[in-house]
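Engineer: My structure is below; once you've seen it, I'll send some questions.
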Amino acid sequence: MAPVAPKSGDAIFASVDRVNAELFTLTYGAIVRQLLTDLEEVDEVNKQLDQMGYNIGVRLVDEFLAKSNVNRCVDFRETAEVIAKVGFKMFLGVTASVTNWDAEGTTCSIILEDNPLVDFVELPDTCQGLYYCNILSGVIRGALEMFLFPSPSGVNENRSHVAA
Amino acid sequence: MGREVSESCVESLVAEIVSSYCRGFYADKPELAAPRIEAIGFQVGHQLSERYTMDRPRFTDHLEAIKFICKDFWSELFKKQIDNLKTNHRGTFVLQDNRFRWLAHMSVDPSVETTGSIQDPSAMAENRAAQATGLHLYFPCGIIRGALSNLGIPCAVSADISNLPACSFVVRIKA
């Protein structure tokens, strides 16, 4: 039997149930707002977003594997590409790019030029130090751990891009 | 059609915030978690209704506003309209969705009410699961309350899942 070819991110995105991105953007914004009210400290909120993202990432991996038919990735380079091109596409409907590789191939940046989480979002000055998209860092970290890539140095989010 | 994301994004987000409140901050204190989940929904509903009514004239009465929620608003969110609308003509409306999407992926205990329940210590674990379901429902209740609030209609909204897979949202307009 011929092996099933891996599906492109576009094909998977077209096949999953989709919703209005505004609902997603506004829900995330409301969650961040509520966390800021409850936790008060920006660092606490960053941590909570990362933890929530981690829990989500661990679960999303199942859906990812079920729908994408990706072949086993050979190395971290390949894994990063798959996350950027297939993972982000099938969930957020946008692709990311991978750059900034270090010499050992253990660190890279995954850049999201177009990010549904931040549509129409403006941060007031009172939120200095808030990593608004930190949930994405957690999602990637959770997903990577499922692929046995523990990231002890963590996934850091800096403004609009993520360094893994 | 505007920008889209996969449905699992929204479901995961809501499931995770409910779970964080249930396990973490307000473990075993649904009375503290519930208003926060509802507040998140309220914010979302308020902003969405603002966007979806930008180009429209104001609604002439409460019924017109409720019908907007049942048709256009619900369609934007769930790609379908509310299936059944009932009213007692005295400020109470029941919006019934015969197959509420957000319940479809959760295992649900029909005895759950959004008004919360007395905790019996021996049934705590089982109740936690039921609690999580109940807390999930505060989110769409908040959305409806927020949307109506933006239309100038203060109200209270609760969910009734005694008739699964249908979910009924009971809107009581405040005089």
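How things are named: the first chain in the structure tokens is A, the next is B, and so on; residues count from 1 in each chain; ligands count from 1 in the order shown.
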Distance cut-off 9 Å, counting only C-alpha atoms - which residues of chain A neighbour chain B? Return them as a PyMOL selection string.

Structural biologist: chain A and resi 13+16-24+26-31+33-34+38+48+52-53+55-56+59-60+63+89-94+116

Engineer: Would you kindly return, as number ranges by chain, each protein, DNA or RNA residue with an atom no farther than 7 Å from any atom of Ser158 in chain B, considering only C-alpha atoms and excluding same-chain residues fewer than 4 positions away?

Structural biologist: B: 114, 141, 169-171

Engineer: Could you write out that same residue set with N, CA and C atoms as a PDB file, in the first residue's frame?

Structural biologist:
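Output file again.pdb follows:
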ATOM      1  N   THR B 114     -26.156  26.399  35.707  1.00  0.00           N
ATOM      2  CA  THR B 114     -25.163  27.452  35.850  1.00  0.00           C
ATOM      3  C   THR B 114     -25.289  28.177  37.170  1.00  0.00           C
ATOM      4  N   CYS B 141     -23.185  32.462  28.045  1.00  0.00           N
ATOM      5  CA  CYS B 141     -24.164  33.310  28.747  1.00  0.00           C
ATOM      6  C   CYS B 141     -23.643  34.740  28.820  1.00  0.00           C
ATOM      7  N   PHE B 169     -30.872  29.259  26.370  1.00  0.00           N
ATOM      8  CA  PHE B 169     -30.365  30.404  27.112  1.00  0.00           C
ATOM      9  C   PHE B 169     -31.555  31.239  27.548  1.00  0.00           C
ATOM     10  N   VAL B 170     -31.685  31.423  28.855  1.00  0.00           N
ATOM     11  CA  VAL B 170     -32.823  32.164  29.391  1.00  0.00           C
ATOM     12  C   VAL B 170     -32.380  33.586  29.684  1.00  0.00           C
ATOM     13  N   VAL B 171     -32.994  34.538  28.988  1.00  0.00           N
ATOM     14  CA  VAL B 171     -32.645  35.943  29.127  1.00  0.00           C
ATOM     15  C   VAL B 171     -33.743  36.640  29.902  1.00  0.00           C
TER      16      VAL B 171
END

Engineer: Could you give me, as an MDAnalysis selection string, each residue of range 1-153 of chain A that DSSP assigns to alpha helix (DSSP H) when run on this structure's backbone?

Structural biologist: chainID A and resid 9:15 21:39 42:68 76:82 88:92 134:146

Engineer: Ranking B:Gly142, B:His89, B:Ile82, B:Arg101 by minimum distance to Ser168 in chain B and counting only C-alpha atoms, which one comes first?

Structural biologist: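 Looking only at the distances to Ser168 in chain B, the closest residue turns out to be B:Ile82.
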
Engineer: Could you state the separation of CA of Tyr26 in chain B and CA of Gln128 in chain A in Å, given to one decimal place?

Structural biologist: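 One can read the CA of Tyr26 in chain B to CA of Gln128 in chain A distance as 27.0 Å.
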
Engineer: Considering only C-alpha atoms, return as an NGL selection string whatever protein or nucleic-acid residues lie within 8 Å of range 118-122 of chain A, sequence-local ones (same chain, fewer than 3 positions apart) excluded.

Structural biologist: :A and (25 or 29 or 115 or 133)

Engineer: Between CA of Leu85 in chain B and CA of Ala104 in chain B, measure the distance and give it in Å to one decimal.

Structural biologist: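 CA of Leu85 in chain B sits 20.8 Å away from CA of Ala104 in chain B.
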
Engineer: Hey, what's within 7 Å of Cys22 in chain B if we count only C-alpha atoms and toss same-chain stuff fewer than 5 positions away? As a list in words, please?

Structural biologist: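 Contacts, in chain order: Ala27, Asp28 and Ala132 of chain B.
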
Engineer: Using DSSP secondary structure from the backbone, list all strand (DSSP E) positions within range 5-154 of chain A, as a PyMOL selection string.

Structural biologist: chain A and resi 18-20+97-99+109-111

Engineer: Go ahead and save the picked residues with C-alpha atoms, as a PDB file, in the first residue's frame.

Structural biologist:
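Final file, selection.pdb:
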ATOM      1  CA  ARG A  18     -13.356  26.916  11.206  1.00  0.00           C
ATOM      2  CA  VAL A  19     -14.788  29.880  13.022  1.00  0.00           C
ATOM      3  CA  ASN A  20     -14.777  33.613  12.724  1.00  0.00           C
ATOM      4  CA  SER A  97       8.777  31.483   8.843  1.00  0.00           C
ATOM      5  CA  VAL A  98      11.829  30.028  10.531  1.00  0.00           C
ATOM      6  CA  THR A  99      15.065  32.028  10.665  1.00  0.00           C
ATOM      7  CA  SER A 109      13.231  32.118  15.557  1.00  0.00           C
ATOM      8  CA  ILE A 110       9.738  31.395  14.337  1.00  0.00           C
ATOM      9  CA  ILE A 111       8.322  34.604  12.949  1.00  0.00           C
TER      10      ILE A 111
END
